[in-house]
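**Q** Contents of data.csv (CSV, C-alpha atoms) are given next:
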chain,number,residue,atom,x,y,z
A,1,GLY,CA,166.0,109.3,32.0
A,2,ALA,CA,164.9,112.2,34.2
A,3,GLY,CA,164.5,115.7,32.8
A,4,LYS,CA,165.2,116.2,29.1
A,5,HIS,CA,167.3,113.0,28.7
A,6,GLY,CA,166.6,109.6,27.3
A,7,ALA,CA,167.4,106.3,29.1
A,8,GLY,CA,170.5,105.6,27.0
A,9,ALA,CA,173.0,106.8,29.5
A,10,THR,CA,171.2,105.0,32.4
A,11,ILE,CA,171.1,101.7,30.4
A,12,GLU,CA,174.9,102.0,29.5
A,13,ALA,CA,175.7,102.7,33.1
A,14,LEU,CA,173.7,99.6,34.2
A,15,TRP,CA,175.6,97.5,31.7
A,16,ASP,CA,178.9,98.7,33.3
A,17,ILE,CA,177.7,98.1,36.8
A,18,LEU,CA,176.1,94.7,36.2
A,19,GLU,CA,178.9,93.7,33.8
A,20,GLN,CA,176.4,92.4,31.3
A,21,PRO,CA,173.9,93.8,28.8
A,22,LEU,CA,170.2,93.9,29.5
A,23,ASN,CA,169.2,93.0,25.9
A,24,GLY,CA,166.8,90.1,25.9
A,25,ARG,CA,166.7,89.8,29.7
A,26,TRP,CA,163.7,90.1,31.9
A,27,VAL,CA,164.2,92.9,34.4
A,28,ALA,CA,162.2,94.8,37.0
A,29,LEU,CA,162.4,98.6,36.6
A,30,GLU,CA,161.0,101.4,38.8
A,31,GLY,CA,160.1,104.8,37.3
A,32,THR,CA,157.4,107.1,36.3
A,33,LEU,CA,154.8,105.8,33.8
A,34,VAL,CA,153.8,108.4,31.2
A,35,GLU,CA,150.9,107.6,29.0
A,36,ASP,CA,148.4,109.1,26.6
A,37,ASP,CA,146.6,108.1,23.4
A,38,GLY,CA,147.0,104.4,24.3
A,39,LYS,CA,150.8,104.5,24.4
A,40,GLN,CA,153.1,104.3,27.4
A,41,VAL,CA,156.7,105.1,28.2
A,42,LEU,CA,158.6,104.7,31.4
A,43,GLU,CA,160.8,107.5,32.7
A,44,LEU,CA,163.7,106.0,34.6
A,45,THR,CA,163.4,108.8,37.2
A,46,ASN,CA,166.0,107.4,39.6
A,47,GLY,CA,168.8,106.7,37.1
A,48,VAL,CA,170.6,103.4,37.8
A,49,ALA,CA,168.6,103.0,41.0
A,50,SER,CA,165.6,102.4,38.7
A,51,PHE,CA,166.9,98.8,38.2
A,52,GLN,CA,165.2,96.6,40.7
A,53,GLY,CA,166.7,93.3,39.7
A,54,TRP,CA,166.4,90.4,37.3
A,55,LEU,CA,163.1,88.6,36.9
A,56,ALA,CA,163.2,84.8,37.1
A,57,GLN,CA,162.3,83.9,33.6
A,58,ASP,CA,163.7,80.9,31.8
A,59,THR,CA,163.3,82.4,28.4
A,60,THR,CA,165.0,85.2,26.5
A,61,TYR,CA,162.7,87.9,25.4
A,62,VAL,CA,162.6,88.2,21.6
A,63,ALA,CA,160.6,91.1,20.1
A,64,GLU,CA,158.1,90.3,17.4
A,65,PHE,CA,158.9,92.1,14.1
A,66,ARG,CA,156.5,92.5,11.2
A,67,ASN,CA,157.6,94.2,8.0
A,68,LEU,CA,154.8,96.6,6.7
A,69,GLY,CA,156.8,97.8,3.7
A,70,TRP,CA,157.8,101.2,2.3
A,71,GLN,CA,155.4,103.9,3.6
A,72,LYS,CA,154.9,107.6,3.2
A,73,LEU,CA,153.5,108.9,6.5
A,74,ALA,CA,152.1,112.4,7.4
A,75,GLY,CA,152.3,114.0,10.8
A,76,GLU,CA,154.3,116.0,13.3
A,77,ILE,CA,157.6,115.1,14.9
A,78,LEU,CA,157.7,115.5,18.7
A,79,ASP,CA,159.2,113.9,21.8
A,80,PRO,CA,157.0,111.2,23.4
A,81,LYS,CA,157.8,112.0,27.0
A,82,CYS,CA,156.2,115.5,26.7
A,83,ALA,CA,153.6,114.4,24.2
A,84,PHE,CA,152.3,111.6,26.4
A,85,GLY,CA,151.6,113.8,29.3
A,86,VAL,CA,154.7,115.4,31.0
A,87,MET,CA,154.0,118.8,29.2
A,88,LYS,CA,150.7,120.4,28.2
A,89,PRO,CA,150.8,121.0,25.3
A,90,GLY,CA,153.3,118.4,24.2
A,91,CYS,CA,153.0,119.2,20.5
A,92,GLY,CA,152.8,122.1,18.1
A,93,LYS,CA,154.8,125.3,17.7
A,94,THR,CA,154.4,126.3,21.4
A,95,HIS,CA,156.3,123.1,22.4
A,96,ARG,CA,159.0,123.2,19.6
A,97,SER,CA,162.0,124.3,21.6
A,98,CYS,CA,161.3,121.9,24.5
A,99,ALA,CA,160.9,119.0,22.1
A,100,ILE,CA,164.2,119.9,20.4
A,101,ARG,CA,166.0,119.8,23.8
A,102,CYS,CA,164.4,116.5,24.7
A,103,ILE,CA,165.3,114.8,21.4
A,104,SER,CA,168.8,116.3,21.6
A,105,GLY,CA,169.1,114.8,25.1
A,106,GLY,CA,168.4,111.3,23.8
A,107,ILE,CA,164.6,110.9,24.0
A,108,PRO,CA,163.7,109.1,20.7
A,109,PRO,CA,161.5,111.2,18.3
A,110,VAL,CA,158.1,110.0,17.3
A,111,LEU,CA,155.8,111.0,14.4
A,112,ARG,CA,152.3,111.9,15.7
A,113,MET,CA,149.7,111.0,13.1
A,114,GLN,CA,146.0,111.8,13.1
A,115,ASP,CA,143.5,110.4,10.7
A,116,ALA,CA,140.3,112.0,9.3
A,117,ARG,CA,138.3,110.4,12.2
A,118,GLY,CA,140.6,112.0,14.8
A,119,SER,CA,142.3,108.8,15.8
A,120,ILE,CA,145.9,109.3,16.8
A,121,ASN,CA,148.8,107.0,16.4
A,122,TYR,CA,152.5,107.3,17.0
A,123,VAL,CA,155.5,106.0,15.0
A,124,LEU,CA,159.0,105.8,16.5
A,125,LEU,CA,161.5,107.3,14.1
A,126,VAL,CA,165.0,105.7,13.7
A,127,ASP,CA,167.7,105.8,11.0
A,128,GLN,CA,168.0,103.1,8.3
A,129,ASN,CA,170.1,101.0,10.7
A,130,GLY,CA,167.7,101.3,13.6
A,131,GLU,CA,169.9,103.8,15.5
A,132,SER,CA,168.9,107.2,16.9
A,133,LEU,CA,168.3,110.1,14.6
A,134,GLY,CA,169.5,112.4,17.3
A,135,ASP,CA,170.1,116.0,16.2
A,136,ARG,CA,169.6,115.1,12.6
A,137,ILE,CA,165.8,115.2,13.1
A,138,THR,CA,165.6,118.4,15.2
A,139,PRO,CA,165.3,120.8,12.3
A,140,TYR,CA,161.9,119.2,11.5
A,141,VAL,CA,160.4,119.1,15.0
A,142,ALA,CA,156.9,120.6,15.1
A,143,ASP,CA,156.6,120.9,11.3
A,144,GLN,CA,153.7,119.2,9.4
A,145,LEU,CA,155.5,116.8,7.1
A,146,TYR,CA,155.7,113.6,5.2
A,147,VAL,CA,158.4,111.0,6.2
A,148,CYS,CA,159.1,108.0,4.0
A,149,GLY,CA,160.8,104.8,5.0
A,150,GLU,CA,160.5,101.1,5.8
A,151,LEU,CA,157.7,100.6,8.4
A,152,LYS,CA,157.9,97.8,10.8
A,153,GLN,CA,155.7,96.7,13.7
A,154,VAL,CA,157.8,95.8,16.8
A,155,ASP,CA,155.6,94.3,19.4
A,156,ASP,CA,152.9,97.0,19.8
A,157,TRP,CA,154.9,99.9,18.4
A,158,LEU,CA,155.2,101.1,14.8
A,159,VAL,CA,158.8,102.0,13.9
A,160,LEU,CA,159.8,103.9,10.7
A,161,PHE,CA,163.4,103.3,9.5
A,162,THR,CA,164.2,106.4,7.5
A,163,GLY,CA,167.2,108.0,5.9
A,164,LEU,CA,165.9,111.6,6.1
A,165,GLY,CA,167.3,113.6,3.2
A,166,GLU,CA,165.1,112.7,0.3
A,167,ASP,CA,162.8,110.8,2.7
A,168,ILE,CA,161.4,113.9,4.5
A,169,HIS,CA,159.2,116.6,3.1
A,170,ARG,CA,157.7,119.6,4.9
A,171,VAL,CA,154.1,120.4,4.3
A,172,ALA,CA,154.1,123.4,6.5
A,173,PRO,CA,156.9,124.7,8.7
A,174,TRP,CA,156.2,125.2,12.4
A,175,TRP,CA,156.2,129.0,12.1
A,176,MET,CA,153.3,128.9,9.6
A,177,GLN,CA,150.9,126.7,11.6
A,178,GLY,CA,147.8,128.6,12.4
A,179,GLU,CA,148.9,131.5,10.2
A,180,MET,CA,146.9,132.9,7.3
A,181,ALA,CA,148.6,132.5,3.9
A,182,MET,CA,149.7,135.9,2.6
A,183,CYS,CA,148.9,136.9,-1.0
A,184,TYR,CA,151.1,139.2,-3.0
Let me see the file written as structure tokens.
**A**
Amino acid sequence: GAGKHGAGATIEALWDILEQPLNGRWVALEGTLVEDDGKQVLELTNGVASFQGWLAQDTTYVAEFRNLGWQKLAGEILDPKCAFGVMKPGCGKTHRSCAIRCISGGIPPVLRMQDARGSINYVLLVDQNGESLGDRITPYVADQLYVCGELKQVDDWLVLFTGLGEDIHRVAPWWMQGEMAMCY
């Protein structure tokens, strides 16, 4: 959705207007493409007017799932809309309050990971049932942390199913990043 809101409300409104779900259906959508680091998201800028119609496909879309097992991943939690280019910077402690508002507004959180070679990848974070983590994840935004869970590849996205609680561990809180450790 536009602003600091996810597409959930727009999709639900479309279900009501069209009197049928969009799941598994081929549709044409209009919006603003946001992309960075090889990942793309579509902002449904015009709300329900973003729906441009059904595409004539004789098959139902079925996502490809591949189970990658239990994983412990390191990175920073942020919102993909800003991280992929709407805001500069879209990560780190300077972006923390904005990311919290975006995630609270329904934009799904992602874990931004960077390896030793500097390659960046993103993992969509959901609860153990595949539902939104919503405000349960916001206390961890912009922290360097480890998140554990069941990792799956869904088409070209990695998705981590996590229960939080025992599955999340801070390495450094947002307020310490870039700070010198104090000795007493």
**Q** Which of these residues is nearest to Ile168 in chain A, using all atoms listed in the file: A:Gln71, A:Ser104, A:Ser97, A:Asn121?
**A**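 The closest residue to Ile168 in chain A is A:Gln71.
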**Q** How many Å lie between CA of Cys102 in chain A and CA of Ala9 in chain A, rounded to one decimal?
**A** 13.8 Å
**Q** Select, from A:Arg117, A:Lys39, A:Arg101, A:Arg136, the residue with the minimum atom-to-atom distance to Ala83 in chain A, counting only C-alpha atoms.
**A**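 The shortest atom-to-atom distance to Ala83 in chain A comes from A:Lys39.
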**Q** I'd like the interatomic distance between CA of Ser132 in chain A and CA of His5 in chain A, to a tenth of an Å.
**A**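 Separating CA of Ser132 in chain A from CA of His5 in chain A is a distance of 13.2 Å.
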**Q** I'd like the interatomic distance between CA of Glu30 in chain A and CA of Ser50 in chain A, to a tenth of an Å.
**A**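 A separation of 4.7 Å between them.
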**Q** Of the candidates A:Ile100, A:Gly105, A:Met113, A:Leu125, which one gets nearest to Val141 in chain A if we count all atoms listed in the file?
**A**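 Ranked by minimum distance to Val141 in chain A, first place goes to A:Ile100.
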**Q** Nearest to Val110 in chain A: which of A:Thr10, A:Thr59, A:Thr138, A:Gln52 is it, counting all atoms listed in the file?
**A**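 So, comparing all the options, the nearest one is A:Thr138.
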**Q** Please return, as a list of chain:residue names, all polymer residues that have at least one atom within 6 Å of the point (153.0, 102.8, 15.8); use all atoms listed in the file and the file's own coordinate frame.
**A**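 Output: A:Asn121, A:Tyr122, A:Val123, A:Trp157, A:Leu158.
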**Q** Might you pull out every residue within 6 Å of Gln128 in chain A, with all atoms listed in the file counted and same-chain residues fewer than 4 positions away left off, and present them as a ChimeraX atom specification?
**A** /A:161-163
**Q** Taking all atoms listed in the file into account, name the residue in A:Glu19, A:Glu166, A:Asp79, A:Asp135 that is nearest to Gly149 in chain A.
**A**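 Ranking A:Glu19, A:Glu166, A:Asp79, A:Asp135 by distance to Gly149 in chain A, first place goes to A:Glu166.
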**Q** Could you check which residues have any atom within 8 Å of (166.5, 105.3, 38.6), counting all atoms listed in the file with coordinates taken straight from the file, and then list them as a short mmCIF file (atom, residue, chain, number, x, y, z; two decimals) with C-alpha atoms, keeping the file's coordinate frame?
**A**
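Everything below was put into result15.cif:
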data_model
loop_
_atom_site.label_atom_id
_atom_site.label_comp_id
_atom_site.auth_asym_id
_atom_site.auth_seq_id
_atom_site.Cartn_x
_atom_site.Cartn_y
_atom_site.Cartn_z
CA GLY A 1 166.00 109.30 32.00
CA THR A 10 171.20 105.00 32.40
CA GLU A 30 161.00 101.40 38.80
CA GLY A 31 160.10 104.80 37.30
CA LEU A 44 163.70 106.00 34.60
CA THR A 45 163.40 108.80 37.20
CA ASN A 46 166.00 107.40 39.60
CA GLY A 47 168.80 106.70 37.10
CA VAL A 48 170.60 103.40 37.80
CA ALA A 49 168.60 103.00 41.00
CA SER A 50 165.60 102.40 38.70
CA PHE A 51 166.90 98.80 38.20
#
**Q** So, with all atoms listed in the file as the atoms that count, which of A:Pro139, A:Gly53, A:Gly75, A:Gly130 lies closest to Trp26 in chain A?
**A**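 For Trp26 in chain A, the nearest of the candidates is A:Gly53.
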**Q** Neighbouring residues of Val147 in chain A were defined as those with any atom within 8 Å, considering only C-alpha atoms; residues of the same chain fewer than 6 positions away were excluded. Please report them as a list in words.
**A**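 Within the cut-off, the hits are Lys72, Leu73, Ala74, Thr162, Leu164, Asp167, Ile168 and His169 of chain A.
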**Q** Extract, using all atoms listed in the file, all DNA, RNA and protein residues at most 7 Å from Ile77 in chain A, discarding same-chain residues fewer than 5 positions from it, and format them as number ranges by chain.
**A** A: 109-112, 140-143
